[in-house]
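work08.txt (compact mmCIF, C-alpha atoms) appears below.
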```txt
# COMPACT_ATOMS: atom_id res chain seq x y z
CA MET F 1 -18.37 -23.16 -2.78
CA ARG F 2 -18.92 -21.01 0.27
CA ALA F 3 -15.26 -19.90 0.14
CA ALA F 4 -15.70 -18.90 -3.52
CA ILE F 5 -18.69 -16.73 -2.63
CA LEU F 6 -16.77 -15.02 0.19
CA ILE F 7 -13.83 -14.37 -2.16
CA ALA F 8 -16.24 -12.87 -4.69
CA VAL F 9 -17.68 -10.60 -1.96
CA MET F 10 -14.20 -9.45 -0.87
CA SER F 11 -13.26 -8.80 -4.47
CA ALA F 12 -16.48 -6.91 -5.24
CA VAL F 13 -16.25 -4.64 -2.18
CA THR F 14 -12.57 -3.89 -2.87
CA VAL F 15 -13.25 -3.12 -6.53
CA LEU F 16 -16.21 -0.94 -5.55
CA LEU F 17 -14.06 1.09 -3.13
CA ARG F 18 -11.38 1.61 -5.78
CA PHE F 19 -13.85 2.62 -8.53
CA LEU F 20 -16.36 4.65 -6.52
CA PRO F 21 -14.58 8.05 -6.57
CA PHE F 22 -13.90 7.69 -10.30
CA LEU F 23 -17.58 6.87 -10.96
CA ILE F 24 -18.94 9.69 -8.79
CA PHE F 25 -16.70 12.37 -10.32
CA ARG F 26 -16.73 10.95 -13.84
CA ASN F 27 -17.92 14.03 -15.69
CA ASN F 28 -16.72 17.03 -13.78
CA THR F 29 -14.49 17.03 -10.74
CA PRO F 30 -15.30 19.74 -8.17
CA PRO F 31 -12.36 22.07 -7.31
CA TYR F 32 -12.46 20.75 -3.73
CA ILE F 33 -11.77 17.19 -4.93
CA ILE F 34 -8.98 18.42 -7.22
CA TYR F 35 -7.50 20.23 -4.22
CA LEU F 36 -7.71 17.02 -2.13
CA GLY F 37 -6.08 15.12 -4.98
CA LYS F 38 -3.08 17.44 -4.74
CA VAL F 39 -2.62 17.48 -0.96
CA LEU F 40 -3.67 13.91 -0.13
CA PRO F 41 -0.69 11.95 -1.58
CA PRO F 42 1.92 13.15 0.95
CA ALA F 43 -0.66 12.87 3.75
CA ILE F 44 -1.57 9.29 2.75
CA ILE F 45 2.07 8.22 2.60
CA GLY F 46 2.45 9.61 6.13
CA MET F 47 -0.62 7.62 7.15
CA LEU F 48 0.80 4.42 5.60
CA VAL F 49 4.09 4.83 7.49
CA ILE F 50 2.16 4.93 10.79
CA TYR F 51 -0.10 2.09 9.58
CA CYS F 52 2.94 -0.15 9.02
CA LEU F 53 4.32 0.68 12.46
CA LYS F 54 0.99 0.32 14.27
CA ASP F 55 1.85 -2.91 16.07
CA VAL F 56 5.20 -1.69 17.41
CA SER F 57 5.11 -1.90 21.18
CA PHE F 58 7.31 0.45 23.18
CA SER F 59 6.68 -1.53 26.33
CA ALA F 60 7.83 -4.87 24.83
CA ASN F 61 11.36 -6.21 25.42
CA SER F 62 12.80 -4.47 22.38
CA HIS F 63 11.03 -1.12 23.14
CA GLY F 64 10.49 -0.65 19.39
CA LEU F 65 14.24 -0.15 18.93
CA PRO F 66 14.66 -2.43 15.87
CA GLU F 67 11.95 -0.48 14.02
CA LEU F 68 13.43 2.84 15.12
CA ILE F 69 17.03 1.96 14.16
CA ALA F 70 16.07 0.48 10.78
CA SER F 71 13.78 3.45 9.99
CA VAL F 72 16.54 5.94 10.79
CA PHE F 73 18.86 4.03 8.44
CA VAL F 74 16.26 4.08 5.66
CA ILE F 75 15.68 7.83 6.03
CA GLY F 76 19.42 8.59 6.24
CA LEU F 77 20.27 6.49 3.20
CA GLN F 78 17.43 8.01 1.18
CA VAL F 79 18.54 11.55 2.01
CA TRP F 80 22.16 10.66 1.21
CA LYS F 81 21.88 8.44 -1.90
CA ARG F 82 18.31 9.14 -3.16
CA ASN F 83 18.18 5.50 -4.30
CA THR F 84 14.97 3.77 -3.20
CA LEU F 85 16.26 0.23 -3.81
CA ILE F 86 19.42 0.70 -1.75
CA SER F 87 17.44 2.29 1.10
CA ILE F 88 14.84 -0.50 1.22
CA LEU F 89 17.30 -3.40 0.90
CA THR F 90 19.71 -2.06 3.51
CA GLY F 91 16.95 -1.12 5.95
CA THR F 92 15.27 -4.52 5.64
CA ILE F 93 18.52 -6.45 6.10
CA ILE F 94 19.39 -4.36 9.17
CA TYR F 95 15.92 -4.97 10.59
CA MET F 96 16.12 -8.74 9.99
CA LEU F 97 19.56 -8.94 11.62
CA LEU F 98 18.34 -6.91 14.60
CA ILE F 99 15.24 -8.98 15.35
CA GLN F 100 16.78 -12.35 14.52
CA SER F 101 20.05 -12.04 16.42
CA ILE F 102 20.04 -9.12 18.84
CA PHE F 103 16.53 -8.42 20.15
CA MET C 1 4.26 0.29 -26.23
CA ASN C 2 8.03 0.08 -26.54
CA ARG C 3 10.82 -1.62 -24.65
CA GLN C 4 11.93 1.62 -23.06
CA ILE C 5 8.60 1.96 -21.21
CA ILE C 6 8.72 -1.65 -20.07
CA ARG C 7 12.32 -1.30 -18.87
CA GLN C 8 11.61 1.94 -16.98
CA ALA C 9 8.42 0.49 -15.44
CA PHE C 10 10.28 -2.65 -14.38
CA TYR C 11 12.97 -0.59 -12.69
CA LYS C 12 10.34 1.51 -10.91
CA SER C 13 8.53 -1.62 -9.70
CA LEU C 14 11.62 -3.35 -8.26
CA PRO C 15 11.16 -2.06 -4.68
CA VAL C 16 7.71 -3.65 -4.66
CA MET C 17 8.94 -6.93 -6.16
CA ALA C 18 10.84 -8.06 -3.08
CA GLY C 19 8.07 -7.11 -0.68
CA TYR C 20 5.24 -8.60 -2.73
CA LEU C 21 7.02 -11.88 -3.36
CA VAL C 22 7.75 -12.27 0.34
CA LEU C 23 4.36 -11.14 1.64
CA GLY C 24 2.68 -13.15 -1.14
CA ILE C 25 4.59 -16.26 -0.08
CA GLY C 26 3.51 -15.60 3.52
CA PHE C 27 -0.10 -15.37 2.38
CA GLY C 28 0.15 -18.57 0.30
CA ILE C 29 1.55 -20.49 3.28
CA LEU C 30 -1.14 -19.15 5.61
CA LEU C 31 -3.93 -20.05 3.20
CA ARG C 32 -2.49 -23.54 2.63
CA ASN C 33 -2.30 -24.12 6.38
CA ALA C 34 -5.97 -23.08 6.60
CA GLY C 35 -6.80 -25.89 4.14
CA TYR C 36 -7.02 -24.00 0.83
CA GLY C 37 -4.50 -24.83 -1.87
CA THR C 38 -2.86 -23.20 -4.86
CA VAL C 39 -5.97 -22.50 -6.95
CA TRP C 40 -7.46 -20.54 -4.06
CA ALA C 41 -4.27 -18.55 -3.49
CA PHE C 42 -4.13 -17.75 -7.20
CA ALA C 43 -7.79 -16.71 -7.35
CA MET C 44 -7.66 -14.51 -4.25
CA SER C 45 -4.49 -12.71 -5.32
CA LEU C 46 -5.79 -12.24 -8.86
CA PHE C 47 -9.29 -11.01 -8.00
CA ILE C 48 -9.01 -9.35 -4.58
CA TYR C 49 -5.44 -8.08 -4.87
CA ALA C 50 -5.31 -6.32 -1.51
CA GLY C 51 -2.56 -7.59 0.76
CA SER C 52 -3.75 -7.01 4.30
CA MET C 53 -7.35 -7.85 3.32
CA GLN C 54 -6.29 -11.24 2.00
CA TYR C 55 -4.56 -12.03 5.28
CA VAL C 56 -7.80 -11.11 7.09
CA GLY C 57 -9.72 -13.05 4.42
CA VAL C 58 -7.99 -16.32 5.35
CA GLY C 59 -9.59 -16.04 8.77
CA LEU C 60 -12.99 -15.17 7.30
CA ILE C 61 -12.99 -18.14 4.93
CA SER C 62 -11.67 -20.73 7.34
CA GLY C 63 -13.81 -19.39 10.20
CA GLY C 64 -17.01 -19.62 8.15
CA ALA C 65 -17.92 -15.91 8.29
CA SER C 66 -21.25 -14.75 6.87
CA ILE C 67 -21.50 -12.79 3.63
CA LEU C 68 -22.51 -9.65 5.52
CA THR C 69 -19.60 -9.91 7.97
CA THR C 70 -17.23 -10.43 5.04
CA ALA C 71 -18.59 -7.40 3.19
CA ILE C 72 -18.41 -5.12 6.24
CA THR C 73 -14.92 -6.31 7.21
CA THR C 74 -13.67 -5.76 3.66
CA PHE C 75 -15.18 -2.28 3.67
CA MET C 76 -13.50 -1.36 6.96
CA VAL C 77 -10.08 -2.79 6.07
CA ASN C 78 -10.05 -1.35 2.54
CA ALA C 79 -11.82 1.99 3.01
CA ARG C 80 -8.46 3.73 2.59
CA HIS C 81 -8.61 2.84 -1.11
CA LEU C 82 -11.29 5.56 -1.50
CA PHE C 83 -8.50 7.97 -0.59
CA TYR C 84 -6.10 6.66 -3.22
CA SER C 85 -8.72 6.87 -5.94
CA ILE C 86 -9.76 10.43 -5.00
CA SER C 87 -6.19 11.60 -5.34
CA MET C 88 -5.72 9.84 -8.69
CA ILE C 89 -8.90 11.13 -10.41
CA ASP C 90 -7.08 13.96 -12.13
CA ARG C 91 -3.92 12.00 -12.92
CA TYR C 92 -5.71 9.01 -14.45
CA LYS C 93 -8.30 11.03 -16.38
CA ASP C 94 -6.75 10.50 -19.83
CA ALA C 95 -5.71 6.90 -19.34
CA GLY C 96 -8.29 5.55 -21.82
CA ILE C 97 -8.35 1.78 -22.21
CA TYR C 98 -5.73 1.36 -19.49
CA LYS C 99 -7.85 3.15 -16.90
CA PRO C 100 -10.16 0.35 -15.60
CA TYR C 101 -7.23 -1.96 -14.91
CA MET C 102 -5.15 0.83 -13.35
CA ILE C 103 -8.02 1.62 -10.96
CA PHE C 104 -8.51 -2.06 -10.13
CA ALA C 105 -4.79 -2.50 -9.41
CA LEU C 106 -4.33 0.61 -7.24
CA THR C 107 -2.88 -1.00 -4.09
CA ASP C 108 -1.02 0.76 -1.27
CA GLU C 109 2.32 -0.08 -2.85
CA THR C 110 1.42 0.79 -6.45
CA TYR C 111 -0.07 4.02 -5.14
CA SER C 112 3.15 4.88 -3.32
CA LEU C 113 5.14 4.32 -6.53
CA LEU C 114 2.84 6.42 -8.72
CA CYS C 115 1.45 9.15 -6.45
CA ASP C 116 4.38 11.53 -6.93
CA GLY C 117 3.26 11.98 -10.55
CA HIS C 118 6.74 11.70 -12.06
CA THR C 119 7.12 9.57 -15.18
CA PRO C 120 10.29 9.14 -17.25
CA ASP C 121 10.65 11.80 -19.96
CA GLU C 122 10.33 9.73 -23.09
CA CYS C 123 7.54 7.44 -21.81
CA ASP C 124 3.80 7.76 -22.35
CA PRO C 125 2.61 8.32 -18.73
CA ASN C 126 -0.47 6.12 -19.04
CA GLN C 127 1.31 3.15 -20.60
CA TYR C 128 4.07 3.53 -18.03
CA ARG C 129 1.63 3.55 -15.08
CA PHE C 130 -0.30 0.65 -16.57
CA ILE C 131 2.85 -1.48 -16.85
CA VAL C 132 4.02 -0.61 -13.31
CA SER C 133 0.55 -1.66 -12.02
CA LEU C 134 0.69 -4.89 -14.03
CA PHE C 135 4.21 -5.82 -12.85
CA ASP C 136 3.19 -5.31 -9.21
CA HIS C 137 0.09 -7.49 -9.68
CA CYS C 138 2.26 -10.24 -11.24
CA TYR C 139 4.67 -10.19 -8.29
CA TRP C 140 1.79 -10.55 -5.86
CA VAL C 141 0.14 -13.46 -7.70
CA THR C 142 3.53 -15.17 -8.21
CA GLY C 143 4.43 -14.82 -4.52
CA SER C 144 1.07 -16.24 -3.39
CA VAL C 145 1.31 -19.25 -5.70
CA LEU C 146 4.94 -19.89 -4.68
CA GLY C 147 4.00 -19.76 -1.00
CA SER C 148 1.17 -22.17 -1.56
CA LEU C 149 3.41 -24.59 -3.49
CA LEU C 150 6.49 -24.37 -1.27
CA GLY C 151 4.62 -24.45 2.01
CA SER C 152 6.96 -23.76 4.88
CA VAL C 153 10.11 -25.42 3.49
CA LEU C 154 12.07 -22.17 2.99
CA PRO C 155 15.76 -22.79 3.79
CA PHE C 156 16.34 -19.64 5.88
CA SER C 157 14.45 -17.53 8.36
CA THR C 158 12.57 -14.70 6.70
CA LYS C 159 11.48 -13.24 10.01
CA GLY C 160 11.38 -9.49 9.74
CA ILE C 161 11.41 -9.34 5.94
CA GLU C 162 7.97 -7.72 6.02
CA PHE C 163 9.83 -4.55 7.03
CA SER C 164 10.53 -4.05 3.31
CA MET C 165 7.02 -2.63 2.91
CA THR C 166 7.51 -0.25 5.82
CA ALA C 167 10.83 0.78 4.28
CA LEU C 168 9.11 1.40 0.93
CA PHE C 169 6.64 3.82 2.51
CA ILE C 170 9.39 5.51 4.53
CA THR C 171 11.46 6.12 1.37
CA SER C 172 8.37 7.49 -0.44
CA PHE C 173 7.73 9.78 2.52
CA THR C 174 11.37 10.94 2.68
CA GLU C 175 11.57 11.46 -1.07
CA GLN C 176 8.43 13.61 -1.23
CA TRP C 177 9.61 15.52 1.85
CA ILE C 178 12.87 16.40 0.07
CA THR C 179 11.14 17.51 -3.13
CA ALA C 180 8.13 19.34 -1.64
CA LYS C 181 8.35 22.93 -0.39
CA ASP C 182 5.14 22.63 1.60
CA HIS C 183 5.30 20.04 4.39
CA ILE C 184 1.86 20.66 5.92
CA PRO C 185 0.05 17.81 4.05
CA ALA C 186 2.77 15.29 4.96
CA LEU C 187 2.72 16.37 8.62
CA SER C 188 -1.11 16.25 8.73
CA GLY C 189 -0.99 12.64 7.54
CA LEU C 190 1.76 11.57 9.89
CA LEU C 191 0.57 13.34 13.05
CA GLY C 192 -3.18 12.95 12.39
CA THR C 193 -2.74 9.18 12.04
CA ALA C 194 -0.43 8.94 15.06
CA ILE C 195 -2.97 10.80 17.23
CA CYS C 196 -5.80 8.51 16.09
CA LEU C 197 -3.65 5.43 16.74
CA LEU C 198 -3.10 6.60 20.33
CA ILE C 199 -6.79 7.35 20.86
CA PHE C 200 -8.48 4.46 19.02
CA GLY C 201 -5.82 1.71 19.17
CA PRO C 202 -4.32 -0.38 16.35
CA GLU C 203 -7.59 -2.09 15.33
CA HIS C 204 -9.83 0.91 14.72
CA PHE C 205 -7.69 3.99 14.01
CA LEU C 206 -7.60 4.04 10.22
CA ILE C 207 -11.06 5.41 9.41
CA PRO C 208 -10.92 8.11 12.15
CA ALA C 209 -7.46 9.01 10.81
CA MET C 210 -8.80 9.41 7.27
CA LEU C 211 -11.59 11.66 8.55
CA LEU C 212 -9.18 13.73 10.66
CA ILE C 213 -6.71 14.18 7.77
CA THR C 214 -9.53 15.26 5.45
CA LEU C 215 -10.80 17.68 8.10
CA ILE C 216 -7.35 19.23 8.68
CA LEU C 217 -6.67 19.63 4.96
CA THR C 218 -10.16 21.07 4.40
CA ILE C 219 -9.68 23.67 7.14
CA LEU C 220 -6.26 24.58 5.73
CA ARG C 221 -7.51 24.79 2.14
CA SER C 222 -7.36 28.58 1.80
CA VAL C 223 -3.79 28.61 3.14
CA GLU C 224 -2.68 25.60 1.11
CA GLU C 225 -4.11 26.70 -2.25
CA LYS C 226 -1.84 29.75 -2.19
CA SER C 227 1.24 27.58 -1.82
CA LEU C 228 0.28 25.04 -4.53
```

Target encoding structure tokens, full file:
Amino acid sequence: MRAAILIAVMSAVTVLLRFLPFLIFRNNTPPYIIYLGKVLPPAIIGMLVIYCLKDVSFSANSHGLPELIASVFVIGLQVWKRNTLISILTGTIIYMLLIQSIF
Amino acid sequence: MNRQIIRQAFYKSLPVMAGYLVLGIGFGILLRNAGYGTVWAFAMSLFIYAGSMQYVGVGLISGGASILTTAITTFMVNARHLFYSISMIDRYKDAGIYKPYMIFALTDETYSLLCDGHTPDECDPNQYRFIVSLFDHCYWVTGSVLGSLLGSVLPFSTKGIEFSMTALFITSFTEQWITAKDHIPALSGLLGTAICLLIFGPEHFLIPAMLLITLILTILRSVEEKSL
């Protein structure tokens, strides 16, 4: 029962965060918010890239090399082929091979 | 809603499928090991639908956290969703009956698929975005339930497969970098976050990073609006 209440709280707070901006700017959106809406997407994707790599340690045994090598492959493939699926699959397989067998 | 939209949306959602199934399975296993079975995995993935928060949530539930602690933790971990919603206000404004669900289902990964604003030519943008959101949600729930049912009997090592999510964000970043003329917003996000990570450490950098990015983009507004 207690777990169900905590799940409801997590759900409610998450839903609130997702809906809040839409509720606040329901009727008219200030030009500043429209501006942020245009420039935020690339900035947020940059933030998410760092967020995913936040636990990489450059002082650990691998020095963050598996992440670096796999990321370079992903970027290179994306620039070359422009195919998101190929880039993600290849990068992930390379990363798994690196951390499971080499580092 | 025609087959063309569903097919296009399915294709768009494929990069998320692999990651969500795998991370969902990881979550299901973790929750099972904490003593909560399939119904709980299903309910959490259906109603919370926020990957990293659910991983944190396993600890909250099994550790007997208070309601207040749970609410504050959820707020801190998920505050970045305010950002996603702000940048989708304009894009989702005509979504009609699809809108509430699309807002509910706006995760990091769905956001990264839809934030570039491109939709296939012959598809209704709102139906298309709705179906992409729905497919992603299905993958997440399916993965969680599978993980809970299978436990840890997977036949091969999946160590490192979580990199698929990192790769997804890197491809989104690369793709928008290629198509955009103005790289200042992308650089603000990347460098602003990296600086905050160095200063505040991996546990507490996200909210300072969001504030710093907003500050940088606000200061640069007069410059940026000319190039938009």

Exercise for review: For chain C, list the residues within 7 Å of chain F, counting all atoms listed in the file, and write the list as number ranges by chain.
Suggested key: C: 15, 44, 47-48, 61, 67, 70-71, 74-75, 78-79, 81-82, 85-90, 103-104, 112, 115, 159-161, 163-164, 166-171, 173-174, 176, 185-190, 193-194, 202

Serialized selection, C-alpha atoms, as a PDB file, in the coordinates of the input:
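File written: part.pdb
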```pdb
ATOM      1  CA  PRO C  15      11.160  -2.060  -4.680  1.00  0.00           C
ATOM      2  CA  MET C  44      -7.660 -14.510  -4.250  1.00  0.00           C
ATOM      3  CA  PHE C  47      -9.290 -11.010  -8.000  1.00  0.00           C
ATOM      4  CA  ILE C  48      -9.010  -9.350  -4.580  1.00  0.00           C
ATOM      5  CA  ILE C  61     -12.990 -18.140   4.930  1.00  0.00           C
ATOM      6  CA  ILE C  67     -21.500 -12.790   3.630  1.00  0.00           C
ATOM      7  CA  THR C  70     -17.230 -10.430   5.040  1.00  0.00           C
ATOM      8  CA  ALA C  71     -18.590  -7.400   3.190  1.00  0.00           C
ATOM      9  CA  THR C  74     -13.670  -5.760   3.660  1.00  0.00           C
ATOM     10  CA  PHE C  75     -15.180  -2.280   3.670  1.00  0.00           C
ATOM     11  CA  ASN C  78     -10.050  -1.350   2.540  1.00  0.00           C
ATOM     12  CA  ALA C  79     -11.820   1.990   3.010  1.00  0.00           C
ATOM     13  CA  HIS C  81      -8.610   2.840  -1.110  1.00  0.00           C
ATOM     14  CA  LEU C  82     -11.290   5.560  -1.500  1.00  0.00           C
ATOM     15  CA  SER C  85      -8.720   6.870  -5.940  1.00  0.00           C
ATOM     16  CA  ILE C  86      -9.760  10.430  -5.000  1.00  0.00           C
ATOM     17  CA  SER C  87      -6.190  11.600  -5.340  1.00  0.00           C
ATOM     18  CA  MET C  88      -5.720   9.840  -8.690  1.00  0.00           C
ATOM     19  CA  ILE C  89      -8.900  11.130 -10.410  1.00  0.00           C
ATOM     20  CA  ASP C  90      -7.080  13.960 -12.130  1.00  0.00           C
ATOM     21  CA  ILE C 103      -8.020   1.620 -10.960  1.00  0.00           C
ATOM     22  CA  PHE C 104      -8.510  -2.060 -10.130  1.00  0.00           C
ATOM     23  CA  SER C 112       3.150   4.880  -3.320  1.00  0.00           C
ATOM     24  CA  CYS C 115       1.450   9.150  -6.450  1.00  0.00           C
ATOM     25  CA  LYS C 159      11.480 -13.240  10.010  1.00  0.00           C
ATOM     26  CA  GLY C 160      11.380  -9.490   9.740  1.00  0.00           C
ATOM     27  CA  ILE C 161      11.410  -9.340   5.940  1.00  0.00           C
ATOM     28  CA  PHE C 163       9.830  -4.550   7.030  1.00  0.00           C
ATOM     29  CA  SER C 164      10.530  -4.050   3.310  1.00  0.00           C
ATOM     30  CA  THR C 166       7.510  -0.250   5.820  1.00  0.00           C
ATOM     31  CA  ALA C 167      10.830   0.780   4.280  1.00  0.00           C
ATOM     32  CA  LEU C 168       9.110   1.400   0.930  1.00  0.00           C
ATOM     33  CA  PHE C 169       6.640   3.820   2.510  1.00  0.00           C
ATOM     34  CA  ILE C 170       9.390   5.510   4.530  1.00  0.00           C
ATOM     35  CA  THR C 171      11.460   6.120   1.370  1.00  0.00           C
ATOM     36  CA  PHE C 173       7.730   9.780   2.520  1.00  0.00           C
ATOM     37  CA  THR C 174      11.370  10.940   2.680  1.00  0.00           C
ATOM     38  CA  GLN C 176       8.430  13.610  -1.230  1.00  0.00           C
ATOM     39  CA  PRO C 185       0.050  17.810   4.050  1.00  0.00           C
ATOM     40  CA  ALA C 186       2.770  15.290   4.960  1.00  0.00           C
ATOM     41  CA  LEU C 187       2.720  16.370   8.620  1.00  0.00           C
ATOM     42  CA  SER C 188      -1.110  16.250   8.730  1.00  0.00           C
ATOM     43  CA  GLY C 189      -0.990  12.640   7.540  1.00  0.00           C
ATOM     44  CA  LEU C 190       1.760  11.570   9.890  1.00  0.00           C
ATOM     45  CA  THR C 193      -2.740   9.180  12.040  1.00  0.00           C
ATOM     46  CA  ALA C 194      -0.430   8.940  15.060  1.00  0.00           C
ATOM     47  CA  PRO C 202      -4.320  -0.380  16.350  1.00  0.00           C
TER      48      PRO C 202
END
```

Check your understanding: Nearest to Met17 of chain C: which of C:Ile195, C:Val132, C:Leu212, C:Ile184 is it, counting only C-alpha atoms?
Key -> C:Val132

Exercise for review: Give the answer as one residue: which of C:Leu68, C:Leu114, C:Leu149, C:Leu106 has the shortest atom-to-atom distance to Leu31 of chain C, using only C-alpha atoms?
Suggested key: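 With only C-alpha atoms as the atom set, the closest residue is C:Leu149.
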
Review point. If you measure from atom CA of Gly192 of chain C to atom CA of Leu217 of chain C, what distance in Å do you get, rounded to one decimal?
Key: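 Between atom CA of Gly192 of chain C and atom CA of Leu217 of chain C the gap works out to 10.6 Å.
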
Practice item. Rounded to one decimal place, report the atom CA of Val153 of chain C-atom CA of Phe27 of chain C distance in Å. Key: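 Separation between atom CA of Val153 of chain C and atom CA of Phe27 of chain C: 14.4 Å.
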
Review point. Quick one, how far is atom CA of Ile29 of chain C from atom CA of Leu146 of chain C?
Key: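 Computing it gives 8.7 Å between the two atoms.
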
Point to revise | Residue nearest Thr110 of chain C - candidates C:Leu134, C:Val223, C:Ile72, C:Val22, atoms counted: only C-alpha atoms | key: C:Leu134

Review point. Got a sec: who's within 8 Å of Tyr49 of chain C, counting only C-alpha atoms, leaving out chain neighbours fewer than 6 positions off, as a PyMOL selection string?
Key: (chain F and resi 11) or (chain C and resi 105+107+137+140)
